[in-house]
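Peer 1: Got a file for you: model33.pdb, PDB, C-alpha atoms.
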```pdb
MODEL        1
ATOM      1  CA  MET A   5       0.000   0.000   0.000  1.00  0.00           C
ATOM      2  CA  SER A   6       0.999   3.653  -0.055  1.00  0.00           C
ATOM      3  CA  GLY A   7       1.737   4.269   3.640  1.00  0.00           C
ATOM      4  CA  TRP A   8       5.284   4.585   4.844  1.00  0.00           C
ATOM      5  CA  THR A   9       6.306   1.945   7.334  1.00  0.00           C
ATOM      6  CA  ASP A  10       8.961   1.689   9.959  1.00  0.00           C
ATOM      7  CA  GLU A  11       9.841  -0.502  12.903  1.00  0.00           C
ATOM      8  CA  ARG A  12       6.818   0.722  14.915  1.00  0.00           C
ATOM      9  CA  GLY A  13       4.279  -0.876  12.620  1.00  0.00           C
ATOM     10  CA  GLY A  14       2.421  -0.493   9.407  1.00  0.00           C
ATOM     11  CA  GLU A  15       1.229  -2.943   6.838  1.00  0.00           C
ATOM     12  CA  GLY A  16       2.912  -6.008   8.323  1.00  0.00           C
ATOM     13  CA  ASP A  17       1.699  -5.799  11.910  1.00  0.00           C
ATOM     14  CA  GLY A  18      -2.052  -6.295  11.427  1.00  0.00           C
ATOM     15  CA  ARG A  19      -2.954  -2.710  12.348  1.00  0.00           C
ATOM     16  CA  ILE A  20      -5.500  -0.673  10.403  1.00  0.00           C
ATOM     17  CA  TYR A  21      -6.740   2.913  10.578  1.00  0.00           C
ATOM     18  CA  VAL A  22     -10.508   3.497  10.715  1.00  0.00           C
ATOM     19  CA  GLY A  23     -11.593   7.070  10.021  1.00  0.00           C
ATOM     20  CA  ASN A  24     -14.762   9.073   9.522  1.00  0.00           C
ATOM     21  CA  LEU A  25     -16.531   7.435  12.444  1.00  0.00           C
ATOM     22  CA  PRO A  26     -19.744   8.785  13.991  1.00  0.00           C
ATOM     23  CA  THR A  27     -19.267  10.895  17.116  1.00  0.00           C
ATOM     24  CA  ASP A  28     -21.122   8.415  19.327  1.00  0.00           C
ATOM     25  CA  VAL A  29     -19.063   5.355  18.305  1.00  0.00           C
ATOM     26  CA  ARG A  30     -17.902   2.952  21.030  1.00  0.00           C
ATOM     27  CA  GLU A  31     -15.216   0.260  21.078  1.00  0.00           C
ATOM     28  CA  LYS A  32     -17.956  -2.380  21.075  1.00  0.00           C
ATOM     29  CA  ASP A  33     -19.311  -0.911  17.810  1.00  0.00           C
ATOM     30  CA  LEU A  34     -15.888  -1.293  16.210  1.00  0.00           C
ATOM     31  CA  GLU A  35     -15.580  -4.824  17.495  1.00  0.00           C
ATOM     32  CA  ASP A  36     -18.965  -5.637  15.934  1.00  0.00           C
ATOM     33  CA  LEU A  37     -17.833  -4.110  12.609  1.00  0.00           C
ATOM     34  CA  PHE A  38     -14.552  -6.014  12.359  1.00  0.00           C
ATOM     35  CA  TYR A  39     -14.847  -9.295  14.306  1.00  0.00           C
ATOM     36  CA  LYS A  40     -15.822 -11.261  11.191  1.00  0.00           C
ATOM     37  CA  TYR A  41     -12.439 -10.574   9.578  1.00  0.00           C
ATOM     38  CA  GLY A  42     -10.396 -12.286  12.288  1.00  0.00           C
ATOM     39  CA  ARG A  43      -9.303 -12.223  15.898  1.00  0.00           C
ATOM     40  CA  ILE A  44      -8.882  -8.645  17.133  1.00  0.00           C
ATOM     41  CA  ARG A  45      -5.932  -8.059  19.426  1.00  0.00           C
ATOM     42  CA  GLU A  46      -6.526  -4.386  20.262  1.00  0.00           C
ATOM     43  CA  ILE A  47      -8.878  -1.482  19.543  1.00  0.00           C
ATOM     44  CA  GLU A  48      -7.576   2.028  20.167  1.00  0.00           C
ATOM     45  CA  LEU A  49     -10.408   4.567  19.855  1.00  0.00           C
ATOM     46  CA  LYS A  50      -9.474   8.253  19.590  1.00  0.00           C
ATOM     47  CA  ASN A  51     -12.585  10.255  20.364  1.00  0.00           C
ATOM     48  CA  ARG A  52     -11.599  13.822  21.216  1.00  0.00           C
ATOM     49  CA  HIS A  53     -14.372  16.272  21.941  1.00  0.00           C
ATOM     50  CA  GLY A  54     -15.193  18.365  18.885  1.00  0.00           C
ATOM     51  CA  LEU A  55     -13.235  16.251  16.386  1.00  0.00           C
ATOM     52  CA  VAL A  56     -14.282  13.387  14.147  1.00  0.00           C
ATOM     53  CA  PRO A  57     -13.372  10.134  15.938  1.00  0.00           C
ATOM     54  CA  PHE A  58     -10.950   7.628  14.485  1.00  0.00           C
ATOM     55  CA  ALA A  59      -9.521   4.334  15.636  1.00  0.00           C
ATOM     56  CA  PHE A  60      -6.747   1.831  15.173  1.00  0.00           C
ATOM     57  CA  VAL A  61      -7.708  -1.830  15.121  1.00  0.00           C
ATOM     58  CA  ARG A  62      -4.992  -4.483  15.395  1.00  0.00           C
ATOM     59  CA  PHE A  63      -5.628  -8.024  14.220  1.00  0.00           C
ATOM     60  CA  GLU A  64      -3.582 -11.024  15.290  1.00  0.00           C
ATOM     61  CA  ASP A  65      -3.007 -11.975  11.653  1.00  0.00           C
ATOM     62  CA  PRO A  66      -1.933  -9.237   9.188  1.00  0.00           C
ATOM     63  CA  ARG A  67      -3.897 -10.983   6.425  1.00  0.00           C
ATOM     64  CA  ASP A  68      -7.078 -10.317   8.399  1.00  0.00           C
ATOM     65  CA  ALA A  69      -6.217  -6.615   8.368  1.00  0.00           C
ATOM     66  CA  GLU A  70      -6.003  -6.703   4.574  1.00  0.00           C
ATOM     67  CA  ASP A  71      -9.406  -8.414   4.405  1.00  0.00           C
ATOM     68  CA  ALA A  72     -10.923  -5.817   6.747  1.00  0.00           C
ATOM     69  CA  ILE A  73      -9.608  -2.975   4.589  1.00  0.00           C
ATOM     70  CA  TYR A  74     -11.031  -4.587   1.474  1.00  0.00           C
ATOM     71  CA  GLY A  75     -14.392  -5.255   3.123  1.00  0.00           C
ATOM     72  CA  ARG A  76     -14.958  -2.066   5.116  1.00  0.00           C
ATOM     73  CA  ASN A  77     -13.268   0.798   3.239  1.00  0.00           C
ATOM     74  CA  GLY A  78     -16.089   2.951   1.857  1.00  0.00           C
ATOM     75  CA  TYR A  79     -18.668   1.091   3.953  1.00  0.00           C
ATOM     76  CA  ASP A  80     -21.725   3.176   4.873  1.00  0.00           C
ATOM     77  CA  TYR A  81     -22.002   3.132   8.660  1.00  0.00           C
ATOM     78  CA  GLY A  82     -25.028   5.155   9.703  1.00  0.00           C
ATOM     79  CA  GLN A  83     -24.545   8.613   8.203  1.00  0.00           C
ATOM     80  CA  CYS A  84     -20.789   8.072   7.741  1.00  0.00           C
ATOM     81  CA  ARG A  85     -18.765   6.454   4.973  1.00  0.00           C
ATOM     82  CA  LEU A  86     -15.863   4.695   6.674  1.00  0.00           C
ATOM     83  CA  ARG A  87     -12.278   5.190   5.613  1.00  0.00           C
ATOM     84  CA  VAL A  88     -10.305   2.033   6.356  1.00  0.00           C
ATOM     85  CA  GLU A  89      -6.647   1.721   5.376  1.00  0.00           C
ATOM     86  CA  PHE A  90      -3.225   0.807   6.644  1.00  0.00           C
ATOM     87  CA  PRO A  91      -1.969   3.548   8.984  1.00  0.00           C
ATOM     88  CA  ARG A  92       0.682   5.914   7.777  1.00  0.00           C
ATOM     89  CA  THR A  93       3.693   5.621  10.037  1.00  0.00           C
ATOM     90  CA  TYR A  94       6.605   7.910   9.508  1.00  0.00           C
ATOM     91  CA  GLY A  95      10.251   7.318  10.279  1.00  0.00           C
ATOM     92  CA  GLY A  96      12.548   9.658  12.072  1.00  0.00           C
ATOM     93  CA  ARG A  97      11.813  10.959  15.532  1.00  0.00           C
ATOM     94  CA  GLY A  98       8.095  10.323  15.544  1.00  0.00           C
ATOM     95  CA  GLY A  99       7.176  13.255  13.326  1.00  0.00           C
ATOM     96  CA  TRP A 100       6.262  13.950   9.765  1.00  0.00           C
ATOM     97  CA  PRO A 101       8.932  13.953   7.097  1.00  0.00           C
ATOM     98  CA  ARG A 102      10.486  17.320   6.385  1.00  0.00           C
ATOM     99  CA  GLY A 103       8.586  19.416   3.895  1.00  0.00           C
ATOM    100  CA  GLY A 104       5.166  18.554   5.211  1.00  0.00           C
ATOM    101  CA  ARG A 105       2.880  15.644   4.899  1.00  0.00           C
ATOM    102  CA  ASN A 106       2.747  15.332   1.133  1.00  0.00           C
ATOM    103  CA  GLY A 107       5.499  17.585  -0.136  1.00  0.00           C
ATOM    104  CA  PRO A 108       9.088  16.812  -1.001  1.00  0.00           C
ATOM    105  CA  PRO A 109      11.815  17.274   1.590  1.00  0.00           C
ATOM    106  CA  THR A 110      12.947  20.862   1.945  1.00  0.00           C
ATOM    107  CA  ARG A 111      16.280  21.768   0.385  1.00  0.00           C
ATOM    108  CA  ARG A 112      18.588  24.451   1.632  1.00  0.00           C
ATOM    109  CA  SER A 113      20.692  26.545  -0.683  1.00  0.00           C
ATOM    110  CA  ASP A 114      23.269  29.285  -0.344  1.00  0.00           C
ATOM    111  CA  PHE A 115      20.800  31.862  -1.663  1.00  0.00           C
ATOM    112  CA  ARG A 116      18.851  34.105   0.692  1.00  0.00           C
ATOM    113  CA  VAL A 117      16.150  36.714   0.204  1.00  0.00           C
ATOM    114  CA  LEU A 118      16.565  40.096   1.846  1.00  0.00           C
ATOM    115  CA  VAL A 119      13.400  42.124   2.258  1.00  0.00           C
ATOM    116  CA  SER A 120      13.694  45.818   3.088  1.00  0.00           C
ATOM    117  CA  GLU A 121      11.313  48.740   3.145  1.00  0.00           C
ATOM    118  CA  ASN A 122      12.346  51.820   1.179  1.00  0.00           C
ATOM    119  CA  TYR A 123       9.895  54.680   1.020  1.00  0.00           C
TER     120      TYR A 123
ENDMDL
END
```
Re-express the file's structure as structure tokens.
Peer 2:
Amino acid sequence: MSGWTDERGGEGDGRIYVGNLPTDVREKDLEDLFYKYGRIREIELKNRHGLVPFAFVRFEDPRDAEDAIYGRNGYDYGQCRLRVEFPRTYGGRGGWPRGGRNGPPTRRSDFRVLVSENY
């Protein structure tokens, strides 16, 4: 898949990202949505007040995670269309790569811009 992986996890560890969840979602709801794809090892629900909830679900077998992505990505859950994919994990010191989330790494040069006000 397209996510970057490192030693903390990613495509090979059975962990999936579940986004665009309803605000009243509970861990039990997620368990009911994903139990048919395989044995769930962990559900980590992130439900911060005022933000759209999301979760990470970890399966014991990474192949079950692939099946869950195939079966539930784009699934209509109430008024929400679920986004299910492998999580994007980024190397380095736990942050995003330089240059932003989707941009190329920044490059430094010997050139500088000097801005002055002359009236």
Peer 1: Suppose you want the space between CA of Ala72 in chain A and CA of Gly54 in chain A; what is it in Å?
Peer 2: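 CA of Ala72 in chain A sits 27.4 Å away from CA of Gly54 in chain A.
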Peer 1: What is the distance between CA of Thr93 in chain A and CA of Asp28 in chain A, in Å to one decimal?
Peer 2: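 One can read the CA of Thr93 in chain A to CA of Asp28 in chain A distance as 26.6 Å.
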Peer 1: Run the PyMOL selection byres ((chain A and resi 61) around 12) mentally over the shown coordinates, then write out the matched residues as a PyMOL selection string, using the chain letters and numbers from the document.
Peer 2: chain A and resi 14+17-23+31-39+41-50+58-60+62-66+68-70+72-73+88-91
Peer 1: Of the candidates A:Arg76, A:Arg116, A:Arg92, A:Arg87, which one gets nearest to Pro26 in chain A if we count only C-alpha atoms?
Peer 2: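 When distances to Pro26 in chain A are compared using only C-alpha atoms, the smallest one comes from A:Arg87.
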Peer 1: Determine the residue membership of the PyMOL selection byres ((chain A and resi 86) around 6) for the file above and supply it as a ChimeraX atom specification.
Peer 2: /A:23-24,77-79,85,87
Peer 1: For CA of Leu55 in chain A and CA of Gly75 in chain A, quote the distance in Å rounded to one decimal.
Peer 2: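 Taking CA of Leu55 in chain A and CA of Gly75 in chain A, their separation equals 25.3 Å.
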Peer 1: Could you check the closest approach to Gly16 in chain A for each of A:Arg30, A:Arg52, A:Lys40, A:Arg67 and tell me which residue wins, using only C-alpha atoms?
Peer 2: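 Of the candidates, the smallest distance to Gly16 in chain A is held by A:Arg67.
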